[in-house]
Amino acid sequence: MKPIRLVTAALAAMALSSPLALAAAASPAPTGDLTPGHAKKDTLRWVAPKGFYIGTAAAGGGHHEEQPYPDPFTKDLEYRGVLAAEFGSVSAENQMKWEYIHPEQGRYNFGMADAIVKFAQHNRQAVRGHTLLWHSQNPEWLEQGDFTADELRAILRDHITTVVGRYKGRIQQWDVANEIFDDSGNLRTTDNIWIRELGPGIIADAFRWAHQADPRAKLFFNDYNVESVNAKSNAYYTLIKDLRAQGVPVHGFSAQAHLSTRYGFPGDLETNLKRFADLGLGTAITELDVRMDLPADGVPTAEMLAKQADYYRQTLTACLNVKGCNSFTIWGFTDKYSWVPVFFTGQGAATVMWEDFTRKPAYHALQCTLAKASADRGQHHPHLPACAK
Ligand code: XIL
């Protein structure tokens, strides 16, 4: 049964001797209802309005490789069950990034990405592709290689054509360019190999190549800290307006939304998304999680969980209120596999389910908000106990 596995994982985590792992291990699995036992009608995807995609990252690669558990997406059957039952869209958390899909020059490794796309098709889920032009998680052969500008350009073109082409017709949205600006709104001209070596014009080319390879996929710019109207989101606004005036196939702007209860909620999220929608773009929330500073015992208080639920609710409401925001993805759905404790010291509990897949207040906040939006659109879901009050 579950508790034994949790204990095993906890012991393995302790063996790694991270204080955070200890905190996570100490955190009990508060009571709640278990999704796998739930009726089909009591899930997120079921209550979502028609045409609205409620998604999650499919856990695998990246930080998971350093953890004492096998690959979640391929090995954890309970995880896969919840992934299929709850979500209408999946994103590759790491499996389509350069270091995984293109590990050596001239050699692609499609195994994990193929598995995700196949799983999604089987479960009638949309797929978000992530990502093609980024400064991070690139293979060493690329970052350390000694290439001329012409060679690099050919490498990127081949990559985009090959990867986007392989999944043609099966990817709803591609994060073509990820995190190309810093927080001040300056292009990453030093750490992004493509912009550094080839100049900013390469961004438009990436979108053109992706569009050629799959004309129906919606092509996005994606970044963090762009939830509000600020220097960084302004930089995207200006760039995208400019590219579209030139006829470059840019279709969307998305906010990752890695939020923390340490900071206030970005109250102008809806206003910000709306200005991009007014340019004729699709918008999306692509990587939502809401981390918090964990107390010494590792267990969030009811108040902390309520605040977190409120951030989830507000983010979803903002998207639902903006025309053309029809894709809403959380960056993992269970604390069991979240990237947060690994990347943000002392923080965690960022997802909508505990490690044993029981539901947190944040889960119910999403479910109720989706159900209400459906009702507002004339699609009723009468059998929802959590939303009855
Ligand atoms: C993260 C993954 O969740 C981790 O597994 C990995 O170790 C690092 O990357 N912005 C992004 C995502 O665009 O790709 C990142 O994902 C989180 C921040």
# chains A, B, ... in the order shown; residues from 1 in each chain; ligands from 1

$ residues_around --residues "range 276-279 of chain A" --least-positions-apart "4" --cutoff "7 Å" --atoms "only C-alpha atoms" --output "list of chain:residue names"
A:Tyr237, A:Asn272, A:Thr283, A:Lys323, A:Gly324

$ residues_near_ligand --ligand "ligand 1" --cutoff "9 Å" --atoms "only C-alpha atoms and all ligand atoms" --output "MDAnalysis selection string"
chainID A and resid 57 59:65 92:94 97 130:131 134 136:137 175 178:179 222:224 256 258 286:287 331:332 337:340 342:343

$ write_last_selection --atoms "N, CA and C atoms" --output "tab-separated table (two decimals), in the first residue's frame"
chain	number	residue	atom	x	y	z
A	57	ALA	N	2.31	19.29	-16.56
A	57	ALA	CA	3.56	18.74	-17.06
A	57	ALA	C	3.57	17.24	-16.77
A	59	ALA	N	5.82	14.37	-15.67
A	59	ALA	CA	7.08	14.36	-14.93
A	59	ALA	C	8.09	13.36	-15.48
A	60	GLY	N	9.29	13.85	-15.73
A	60	GLY	CA	10.36	12.97	-16.16
A	60	GLY	C	11.57	13.78	-16.61
A	61	GLY	N	12.76	13.17	-16.53
A	61	GLY	CA	13.98	13.87	-16.92
A	61	GLY	C	14.31	14.97	-15.91
A	62	GLY	N	15.21	15.86	-16.26
A	62	GLY	CA	15.54	17.01	-15.40
A	62	GLY	C	15.88	16.60	-13.97
A	63	HIS	N	15.30	17.31	-13.01
A	63	HIS	CA	15.65	17.06	-11.60
A	63	HIS	C	15.27	15.66	-11.15
A	64	HIS	N	14.33	15.04	-11.83
A	64	HIS	CA	13.90	13.70	-11.40
A	64	HIS	C	15.06	12.70	-11.45
A	65	GLU	N	15.98	12.95	-12.36
A	65	GLU	CA	17.08	12.01	-12.51
A	65	GLU	C	17.99	11.95	-11.29
A	92	ALA	N	5.50	18.23	-22.01
A	92	ALA	CA	6.70	17.48	-21.67
A	92	ALA	C	7.51	18.33	-20.69
A	93	GLU	N	7.67	17.85	-19.46
A	93	GLU	CA	8.39	18.66	-18.47
A	93	GLU	C	9.85	18.87	-18.90
A	94	ASN	N	10.48	17.83	-19.41
A	94	ASN	CA	11.88	17.91	-19.88
A	94	ASN	C	12.12	17.15	-21.18
A	97	LYS	N	13.12	18.76	-24.44
A	97	LYS	CA	14.21	19.74	-24.42
A	97	LYS	C	15.41	19.19	-25.18
A	130	HIS	N	7.52	21.65	-25.66
A	130	HIS	CA	8.35	22.55	-24.85
A	130	HIS	C	9.78	22.02	-24.89
A	131	THR	N	10.71	22.65	-25.48
A	131	THR	CA	10.75	23.94	-26.12
A	131	THR	C	11.86	23.91	-27.18
A	134	TRP	N	16.07	27.97	-26.46
A	134	TRP	CA	16.18	28.30	-25.03
A	134	TRP	C	17.66	28.39	-24.67
A	136	SER	N	18.77	27.24	-21.76
A	136	SER	CA	19.04	26.26	-20.71
A	136	SER	C	18.79	24.83	-21.20
A	137	GLN	N	19.35	23.88	-20.48
A	137	GLN	CA	19.17	22.44	-20.80
A	137	GLN	C	19.49	22.11	-22.26
A	175	ASP	N	6.00	25.90	-27.44
A	175	ASP	CA	6.80	27.00	-26.89
A	175	ASP	C	8.03	27.09	-27.78
A	178	ASN	N	11.68	30.20	-25.52
A	178	ASN	CA	11.48	30.18	-24.07
A	178	ASN	C	12.47	31.11	-23.38
A	179	GLU	N	11.95	32.02	-22.57
A	179	GLU	CA	12.79	32.85	-21.69
A	179	GLU	C	13.87	33.61	-22.43
A	222	ASN	N	7.16	32.04	-24.46
A	222	ASN	CA	6.85	31.58	-23.10
A	222	ASN	C	7.90	32.11	-22.13
A	223	ASP	N	7.48	32.58	-20.95
A	223	ASP	CA	8.47	33.07	-19.99
A	223	ASP	C	7.89	33.12	-18.58
A	224	TYR	N	8.79	33.29	-17.60
A	224	TYR	CA	8.38	33.49	-16.20
A	224	TYR	C	8.48	34.98	-15.87
A	256	GLN	N	4.42	31.52	-17.65
A	256	GLN	CA	4.67	30.26	-16.93
A	256	GLN	C	3.91	30.24	-15.61
A	258	HIS	N	5.16	30.60	-12.32
A	258	HIS	CA	5.76	29.96	-11.14
A	258	HIS	C	5.63	30.96	-9.99
A	286	THR	N	1.17	28.29	-18.58
A	286	THR	CA	1.85	27.07	-19.01
A	286	THR	C	2.54	26.26	-17.91
A	287	GLU	N	2.85	26.88	-16.77
A	287	GLU	CA	3.66	26.14	-15.78
A	287	GLU	C	3.27	26.51	-14.35
A	331	TRP	N	2.40	22.94	-13.38
A	331	TRP	CA	3.73	22.32	-13.57
A	331	TRP	C	3.88	21.13	-12.63
A	332	GLY	N	3.14	20.09	-12.94
A	332	GLY	CA	3.08	18.92	-12.07
A	332	GLY	C	1.87	19.04	-11.17
A	337	TYR	N	6.53	14.77	-6.99
A	337	TYR	CA	7.48	14.95	-8.10
A	337	TYR	C	7.81	16.40	-8.43
A	338	SER	N	7.39	17.32	-7.60
A	338	SER	CA	7.57	18.74	-7.94
A	338	SER	C	9.05	19.14	-8.00
A	339	TRP	N	9.34	20.03	-8.90
A	339	TRP	CA	10.72	20.55	-9.03
A	339	TRP	C	11.04	21.56	-7.93
A	340	VAL	N	10.00	22.07	-7.25
A	340	VAL	CA	10.19	23.21	-6.36
A	340	VAL	C	11.18	22.97	-5.22
A	342	VAL	N	13.61	21.14	-4.97
A	342	VAL	CA	14.97	20.96	-5.49
A	342	VAL	C	15.58	22.30	-5.92
A	343	PHE	N	14.74	23.19	-6.41
A	343	PHE	CA	15.25	24.45	-6.95
A	343	PHE	C	15.11	25.65	-6.02

$ residues_around --residues "Ala318 in chain A" --least-positions-apart "2" --cutoff "10 Å" --atoms "only C-alpha atoms" --output "PDB file with all heavy atoms, in the first residue's frame"
ATOM      1  N   GLY A 267      -1.929  40.830  -9.507  1.00  0.00           N
ATOM      2  CA  GLY A 267      -3.333  41.180  -9.712  1.00  0.00           C
ATOM      3  C   GLY A 267      -3.672  41.698 -11.100  1.00  0.00           C
ATOM      4  O   GLY A 267      -4.839  41.726 -11.480  1.00  0.00           O
ATOM      5  N   ASP A 268      -2.652  42.099 -11.847  1.00  0.00           N
ATOM      6  CA  ASP A 268      -2.926  42.598 -13.203  1.00  0.00           C
ATOM      7  C   ASP A 268      -2.709  41.513 -14.272  1.00  0.00           C
ATOM      8  O   ASP A 268      -2.573  41.816 -15.450  1.00  0.00           O
ATOM      9  CB  ASP A 268      -2.074  43.837 -13.506  1.00  0.00           C
ATOM     10  CG  ASP A 268      -0.585  43.581 -13.333  1.00  0.00           C
ATOM     11  OD1 ASP A 268      -0.203  42.494 -12.818  1.00  0.00           O
ATOM     12  OD2 ASP A 268       0.218  44.453 -13.706  1.00  0.00           O
ATOM     13  N   LEU A 269      -2.702  40.261 -13.855  1.00  0.00           N
ATOM     14  CA  LEU A 269      -2.516  39.161 -14.815  1.00  0.00           C
ATOM     15  C   LEU A 269      -3.554  39.214 -15.943  1.00  0.00           C
ATOM     16  O   LEU A 269      -3.215  39.113 -17.125  1.00  0.00           O
ATOM     17  CB  LEU A 269      -2.595  37.810 -14.079  1.00  0.00           C
ATOM     18  CG  LEU A 269      -2.591  36.552 -14.946  1.00  0.00           C
ATOM     19  CD1 LEU A 269      -1.314  36.452 -15.779  1.00  0.00           C
ATOM     20  CD2 LEU A 269      -2.719  35.289 -14.069  1.00  0.00           C
ATOM     21  N   GLU A 270      -4.792  39.390 -15.566  1.00  0.00           N
ATOM     22  CA  GLU A 270      -5.850  39.408 -16.583  1.00  0.00           C
ATOM     23  C   GLU A 270      -5.667  40.581 -17.556  1.00  0.00           C
ATOM     24  O   GLU A 270      -5.752  40.413 -18.774  1.00  0.00           O
ATOM     25  CB  GLU A 270      -7.217  39.486 -15.888  1.00  0.00           C
ATOM     26  CG  GLU A 270      -8.368  39.365 -16.854  1.00  0.00           C
ATOM     27  CD  GLU A 270      -9.717  39.359 -16.126  1.00  0.00           C
ATOM     28  OE1 GLU A 270      -9.827  38.740 -15.046  1.00  0.00           O
ATOM     29  OE2 GLU A 270     -10.655  39.984 -16.644  1.00  0.00           O
ATOM     30  N   THR A 271      -5.382  41.748 -17.012  1.00  0.00           N
ATOM     31  CA  THR A 271      -5.134  42.934 -17.845  1.00  0.00           C
ATOM     32  C   THR A 271      -3.969  42.672 -18.792  1.00  0.00           C
ATOM     33  O   THR A 271      -4.005  43.038 -19.971  1.00  0.00           O
ATOM     34  CB  THR A 271      -4.745  44.134 -16.939  1.00  0.00           C
ATOM     35  OG1 THR A 271      -5.727  44.247 -15.936  1.00  0.00           O
ATOM     36  CG2 THR A 271      -4.630  45.415 -17.724  1.00  0.00           C
ATOM     37  N   ASN A 272      -2.953  42.052 -18.268  1.00  0.00           N
ATOM     38  CA  ASN A 272      -1.764  41.781 -19.080  1.00  0.00           C
ATOM     39  C   ASN A 272      -2.082  40.797 -20.208  1.00  0.00           C
ATOM     40  O   ASN A 272      -1.745  41.043 -21.373  1.00  0.00           O
ATOM     41  CB  ASN A 272      -0.651  41.242 -18.181  1.00  0.00           C
ATOM     42  CG  ASN A 272       0.668  41.100 -18.907  1.00  0.00           C
ATOM     43  OD1 ASN A 272       1.010  41.934 -19.754  1.00  0.00           O
ATOM     44  ND2 ASN A 272       1.404  40.044 -18.604  1.00  0.00           N
ATOM     45  N   LEU A 273      -2.740  39.698 -19.874  1.00  0.00           N
ATOM     46  CA  LEU A 273      -3.083  38.718 -20.918  1.00  0.00           C
ATOM     47  C   LEU A 273      -3.991  39.369 -21.963  1.00  0.00           C
ATOM     48  O   LEU A 273      -3.863  39.118 -23.164  1.00  0.00           O
ATOM     49  CB  LEU A 273      -3.786  37.500 -20.302  1.00  0.00           C
ATOM     50  CG  LEU A 273      -2.952  36.614 -19.375  1.00  0.00           C
ATOM     51  CD1 LEU A 273      -3.800  35.474 -18.823  1.00  0.00           C
ATOM     52  CD2 LEU A 273      -1.716  36.057 -20.097  1.00  0.00           C
ATOM     53  N   LYS A 274      -4.875  40.213 -21.478  1.00  0.00           N
ATOM     54  CA  LYS A 274      -5.838  40.826 -22.387  1.00  0.00           C
ATOM     55  C   LYS A 274      -5.154  41.704 -23.442  1.00  0.00           C
ATOM     56  O   LYS A 274      -5.563  41.733 -24.598  1.00  0.00           O
ATOM     57  CB  LYS A 274      -6.858  41.632 -21.590  1.00  0.00           C
ATOM     58  CG  LYS A 274      -7.891  42.293 -22.463  1.00  0.00           C
ATOM     59  CD  LYS A 274      -9.267  42.271 -21.870  1.00  0.00           C
ATOM     60  CE  LYS A 274     -10.320  42.762 -22.862  1.00  0.00           C
ATOM     61  NZ  LYS A 274      -9.903  43.887 -23.717  1.00  0.00           N
ATOM     62  N   ILE A 285      -1.588  29.907 -19.743  1.00  0.00           N
ATOM     63  CA  ILE A 285      -0.790  29.723 -18.521  1.00  0.00           C
ATOM     64  C   ILE A 285      -0.146  28.356 -18.703  1.00  0.00           C
ATOM     65  O   ILE A 285      -0.838  27.365 -18.961  1.00  0.00           O
ATOM     66  CB  ILE A 285      -1.679  29.746 -17.264  1.00  0.00           C
ATOM     67  CG1 ILE A 285      -2.416  31.089 -17.138  1.00  0.00           C
ATOM     68  CG2 ILE A 285      -0.849  29.438 -16.011  1.00  0.00           C
ATOM     69  CD1 ILE A 285      -1.524  32.305 -16.968  1.00  0.00           C
ATOM     70  N   ARG A 313      -6.782  29.755  -7.835  1.00  0.00           N
ATOM     71  CA  ARG A 313      -8.093  30.193  -8.315  1.00  0.00           C
ATOM     72  C   ARG A 313      -7.984  31.488  -9.130  1.00  0.00           C
ATOM     73  O   ARG A 313      -8.538  31.600 -10.223  1.00  0.00           O
ATOM     74  CB  ARG A 313      -9.041  30.396  -7.122  1.00  0.00           C
ATOM     75  CG  ARG A 313     -10.450  30.828  -7.521  1.00  0.00           C
ATOM     76  CD  ARG A 313     -11.316  31.153  -6.308  1.00  0.00           C
ATOM     77  NE  ARG A 313     -10.740  32.199  -5.449  1.00  0.00           N
ATOM     78  CZ  ARG A 313     -10.701  33.492  -5.753  1.00  0.00           C
ATOM     79  NH1 ARG A 313     -11.217  33.930  -6.880  1.00  0.00           N
ATOM     80  NH2 ARG A 313     -10.135  34.359  -4.926  1.00  0.00           N
ATOM     81  N   GLN A 314      -7.237  32.430  -8.594  1.00  0.00           N
ATOM     82  CA  GLN A 314      -7.119  33.718  -9.289  1.00  0.00           C
ATOM     83  C   GLN A 314      -6.422  33.580 -10.645  1.00  0.00           C
ATOM     84  O   GLN A 314      -6.768  34.267 -11.609  1.00  0.00           O
ATOM     85  CB  GLN A 314      -6.344  34.717  -8.435  1.00  0.00           C
ATOM     86  CG  GLN A 314      -7.100  35.198  -7.208  1.00  0.00           C
ATOM     87  CD  GLN A 314      -6.450  36.465  -6.656  1.00  0.00           C
ATOM     88  OE1 GLN A 314      -6.411  37.485  -7.331  1.00  0.00           O
ATOM     89  NE2 GLN A 314      -5.928  36.391  -5.450  1.00  0.00           N
ATOM     90  N   THR A 315      -5.429  32.721 -10.722  1.00  0.00           N
ATOM     91  CA  THR A 315      -4.716  32.533 -11.995  1.00  0.00           C
ATOM     92  C   THR A 315      -5.663  31.927 -13.022  1.00  0.00           C
ATOM     93  O   THR A 315      -5.730  32.381 -14.175  1.00  0.00           O
ATOM     94  CB  THR A 315      -3.488  31.616 -11.794  1.00  0.00           C
ATOM     95  OG1 THR A 315      -2.706  32.111 -10.709  1.00  0.00           O
ATOM     96  CG2 THR A 315      -2.632  31.569 -13.047  1.00  0.00           C
ATOM     97  N   LEU A 316      -6.404  30.924 -12.597  1.00  0.00           N
ATOM     98  CA  LEU A 316      -7.351  30.290 -13.514  1.00  0.00           C
ATOM     99  C   LEU A 316      -8.446  31.259 -13.941  1.00  0.00           C
ATOM    100  O   LEU A 316      -8.800  31.334 -15.130  1.00  0.00           O
ATOM    101  CB  LEU A 316      -7.965  29.051 -12.836  1.00  0.00           C
ATOM    102  CG  LEU A 316      -9.036  28.299 -13.621  1.00  0.00           C
ATOM    103  CD1 LEU A 316      -8.529  27.868 -14.998  1.00  0.00           C
ATOM    104  CD2 LEU A 316      -9.510  27.076 -12.832  1.00  0.00           C
ATOM    105  N   LEU A 320      -9.548  32.303 -17.698  1.00  0.00           N
ATOM    106  CA  LEU A 320     -10.922  32.065 -18.166  1.00  0.00           C
ATOM    107  C   LEU A 320     -11.593  33.346 -18.645  1.00  0.00           C
ATOM    108  O   LEU A 320     -12.445  33.320 -19.535  1.00  0.00           O
ATOM    109  CB  LEU A 320     -11.761  31.444 -17.038  1.00  0.00           C
ATOM    110  CG  LEU A 320     -11.499  29.970 -16.737  1.00  0.00           C
ATOM    111  CD1 LEU A 320     -12.087  29.587 -15.374  1.00  0.00           C
ATOM    112  CD2 LEU A 320     -12.081  29.074 -17.829  1.00  0.00           C
ATOM    113  N   ASN A 321     -11.188  34.473 -18.056  1.00  0.00           N
ATOM    114  CA  ASN A 321     -11.808  35.753 -18.419  1.00  0.00           C
ATOM    115  C   ASN A 321     -11.256  36.367 -19.686  1.00  0.00           C
ATOM    116  O   ASN A 321     -11.763  37.386 -20.145  1.00  0.00           O
ATOM    117  CB  ASN A 321     -11.633  36.763 -17.272  1.00  0.00           C
ATOM    118  CG  ASN A 321     -12.561  36.468 -16.114  1.00  0.00           C
ATOM    119  OD1 ASN A 321     -13.493  35.668 -16.241  1.00  0.00           O
ATOM    120  ND2 ASN A 321     -12.315  37.096 -14.974  1.00  0.00           N
ATOM    121  N   VAL A 322     -10.198  35.790 -20.221  1.00  0.00           N
ATOM    122  CA  VAL A 322      -9.582  36.375 -21.419  1.00  0.00           C
ATOM    123  C   VAL A 322      -9.896  35.516 -22.638  1.00  0.00           C
ATOM    124  O   VAL A 322      -9.609  34.308 -22.648  1.00  0.00           O
ATOM    125  CB  VAL A 322      -8.050  36.507 -21.232  1.00  0.00           C
ATOM    126  CG1 VAL A 322      -7.389  36.988 -22.517  1.00  0.00           C
ATOM    127  CG2 VAL A 322      -7.748  37.470 -20.088  1.00  0.00           C
ATOM    128  N   CYS A 325      -7.637  32.572 -24.195  1.00  0.00           N
ATOM    129  CA  CYS A 325      -6.803  31.865 -23.215  1.00  0.00           C
ATOM    130  C   CYS A 325      -7.516  30.541 -22.946  1.00  0.00           C
ATOM    131  O   CYS A 325      -8.417  30.458 -22.119  1.00  0.00           O
ATOM    132  CB  CYS A 325      -6.648  32.662 -21.923  1.00  0.00           C
ATOM    133  SG  CYS A 325      -5.448  31.912 -20.784  1.00  0.00           S
TER     134      CYS A 325
END

$ select_by_dssp --residues "range 255-358 of chain A" --states "strand (DSSP E or B)" --output "list in words"
Ala255, His258, Leu259, Ser260, Gly282, Thr283, Ala284, Ile285, Thr286, Glu287, Leu288, Asp289, Val290, Arg291, Met292, Asp293, Cys325, Asn326, Ser327, Phe328, Thr329, Ile330, Thr334, Gln347, Gly348, Met353 and Thr358 of chain A

$ closest_atom_pairs --of "range 67-118 of chain A" --to "range 44-55 of chain A" --cutoff "10 Å" --atoms "only C-alpha atoms" --output "JSON lines"
{"residue": "A:Leu83", "atom": "CA", "partner": "A:Gly55", "partner_atom": "CA", "distance": 9.1}
{"residue": "A:Ala84", "atom": "CA", "partner": "A:Arg45", "partner_atom": "CA", "distance": 9.4}
{"residue": "A:Ala85", "atom": "CA", "partner": "A:Arg45", "partner_atom": "CA", "distance": 7.6}
{"residue": "A:Glu86", "atom": "CA", "partner": "A:Leu44", "partner_atom": "CA", "distance": 5.1}
{"residue": "A:Phe87", "atom": "CA", "partner": "A:Arg45", "partner_atom": "CA", "distance": 5.1}
{"residue": "A:Gly88", "atom": "CA", "partner": "A:Ile54", "partner_atom": "CA", "distance": 5.4}
{"residue": "A:Ser89", "atom": "CA", "partner": "A:Gly55", "partner_atom": "CA", "distance": 4.1}
{"residue": "A:Val90", "atom": "CA", "partner": "A:Gly55", "partner_atom": "CA", "distance": 5.2}
{"residue": "A:Ser91", "atom": "CA", "partner": "A:Gly55", "partner_atom": "CA", "distance": 7.3}

$ write_last_selection --atoms "N, CA and C atoms" --output "PDB file, in the first residue's frame"
ATOM      1  N   LEU A  83      -2.838  11.192 -14.131  1.00  0.00           N
ATOM      2  CA  LEU A  83      -2.508  12.046 -15.285  1.00  0.00           C
ATOM      3  C   LEU A  83      -3.552  11.899 -16.396  1.00  0.00           C
ATOM      4  N   ALA A  84      -3.945  10.676 -16.638  1.00  0.00           N
ATOM      5  CA  ALA A  84      -4.931  10.421 -17.696  1.00  0.00           C
ATOM      6  C   ALA A  84      -6.323  10.879 -17.281  1.00  0.00           C
ATOM      7  N   ALA A  85      -6.649  10.639 -16.019  1.00  0.00           N
ATOM      8  CA  ALA A  85      -8.022  10.917 -15.574  1.00  0.00           C
ATOM      9  C   ALA A  85      -8.302  12.404 -15.433  1.00  0.00           C
ATOM     10  N   GLU A  86      -7.318  13.136 -14.957  1.00  0.00           N
ATOM     11  CA  GLU A  86      -7.582  14.517 -14.543  1.00  0.00           C
ATOM     12  C   GLU A  86      -7.369  15.568 -15.629  1.00  0.00           C
ATOM     13  N   PHE A  87      -6.505  15.281 -16.618  1.00  0.00           N
ATOM     14  CA  PHE A  87      -6.031  16.368 -17.478  1.00  0.00           C
ATOM     15  C   PHE A  87      -6.382  16.190 -18.952  1.00  0.00           C
ATOM     16  N   GLY A  88      -6.681  17.318 -19.585  1.00  0.00           N
ATOM     17  CA  GLY A  88      -7.013  17.305 -21.001  1.00  0.00           C
ATOM     18  C   GLY A  88      -5.844  17.744 -21.870  1.00  0.00           C
ATOM     19  N   SER A  89      -4.732  18.041 -21.224  1.00  0.00           N
ATOM     20  CA  SER A  89      -3.536  18.466 -21.959  1.00  0.00           C
ATOM     21  C   SER A  89      -2.304  18.048 -21.170  1.00  0.00           C
ATOM     22  N   VAL A  90      -1.257  17.658 -21.858  1.00  0.00           N
ATOM     23  CA  VAL A  90       0.013  17.366 -21.186  1.00  0.00           C
ATOM     24  C   VAL A  90       1.158  18.125 -21.858  1.00  0.00           C
ATOM     25  N   SER A  91       2.105  18.531 -21.054  1.00  0.00           N
ATOM     26  CA  SER A  91       3.333  19.164 -21.551  1.00  0.00           C
ATOM     27  C   SER A  91       4.498  18.266 -21.173  1.00  0.00           C
TER      28      SER A  91
END

$ residues_around --residues "Glu151 in chain A" --least-positions-apart "6" --cutoff "12 Å" --atoms "only C-alpha atoms" --output "PyMOL selection string"
chain A and resi 105+142+145+157-158+194+197-198

$ closest_residue --among "A:Asn230, A:Arg170, A:Pro361, A:Trp141" --to "Pro103 in chain A" --atoms "only C-alpha atoms"
A:Trp141

$ select_by_dssp --residues "range 74-303 of chain A" --states "alpha helix (DSSP H)" --output "count of residues only"
95

$ closest_residue --among "A:Lys41, A:Ile171, A:Gly106, A:Ala245" --to "Gln367 in chain A" --atoms "only C-alpha atoms"
A:Lys41

$ atom_distance --atom1 "CA of Val117 in chain A" --atom2 "CA of Ala365 in chain A"
28.5 Å

$ atom_distance --atom1 "CA of Phe220 in chain A" --atom2 "CA of Val250 in chain A"
6.4 Å

$ closest_residue --among "A:Ser260, A:Thr358, A:Asn109, A:Thr317" --to "Ala371 in chain A" --atoms "only C-alpha atoms"
A:Thr317

$ residues_around --residues "Ile202 in chain A" --least-positions-apart "6" --cutoff "12 Å" --atoms "only C-alpha atoms" --output "PyMOL selection string"
chain A and resi 132-134+149-150+152-154+156-157+176-177+180+189+192-196+208-209+243+248

$ write_last_selection --atoms "C-alpha atoms" --output "PDB file, in the first residue's frame"
ATOM      1  CA  LEU A 132      12.865  24.755 -29.222  1.00  0.00           C
ATOM      2  CA  LEU A 133      14.972  27.849 -28.609  1.00  0.00           C
ATOM      3  CA  TRP A 134      16.183  28.298 -25.029  1.00  0.00           C
ATOM      4  CA  ALA A 149      27.321  30.930 -37.579  1.00  0.00           C
ATOM      5  CA  ASP A 150      26.189  29.145 -40.730  1.00  0.00           C
ATOM      6  CA  LEU A 152      24.684  26.804 -35.976  1.00  0.00           C
ATOM      7  CA  ARG A 153      21.870  28.148 -38.074  1.00  0.00           C
ATOM      8  CA  ALA A 154      21.676  24.886 -39.974  1.00  0.00           C
ATOM      9  CA  LEU A 156      18.756  24.919 -35.325  1.00  0.00           C
ATOM     10  CA  ARG A 157      16.845  24.682 -38.566  1.00  0.00           C
ATOM     11  CA  VAL A 176       9.052  27.957 -29.760  1.00  0.00           C
ATOM     12  CA  ALA A 177      11.071  30.525 -27.820  1.00  0.00           C
ATOM     13  CA  ILE A 180      14.544  35.017 -24.281  1.00  0.00           C
ATOM     14  CA  THR A 189      22.477  38.148 -25.655  1.00  0.00           C
ATOM     15  CA  ASN A 192      21.314  32.291 -25.093  1.00  0.00           C
ATOM     16  CA  ILE A 193      23.624  30.660 -27.627  1.00  0.00           C
ATOM     17  CA  TRP A 194      21.301  31.348 -30.569  1.00  0.00           C
ATOM     18  CA  ILE A 195      20.860  35.053 -29.928  1.00  0.00           C
ATOM     19  CA  ARG A 196      24.522  35.485 -28.995  1.00  0.00           C
ATOM     20  CA  ARG A 208       9.067  30.440 -39.550  1.00  0.00           C
ATOM     21  CA  TRP A 209      10.737  27.024 -39.518  1.00  0.00           C
ATOM     22  CA  LEU A 243       7.160  40.381 -35.610  1.00  0.00           C
ATOM     23  CA  VAL A 248       6.182  36.233 -38.761  1.00  0.00           C
TER      24      VAL A 248
END

$ closest_residue --among "A:Asp310, A:Asp76, A:Glu140, A:Asp356" --to "His102 in chain A" --atoms "only C-alpha atoms"
A:Glu140

$ atom_distance --atom1 "CA of Pro249 in chain A" --atom2 "CA of His159 in chain A"
18.0 Å
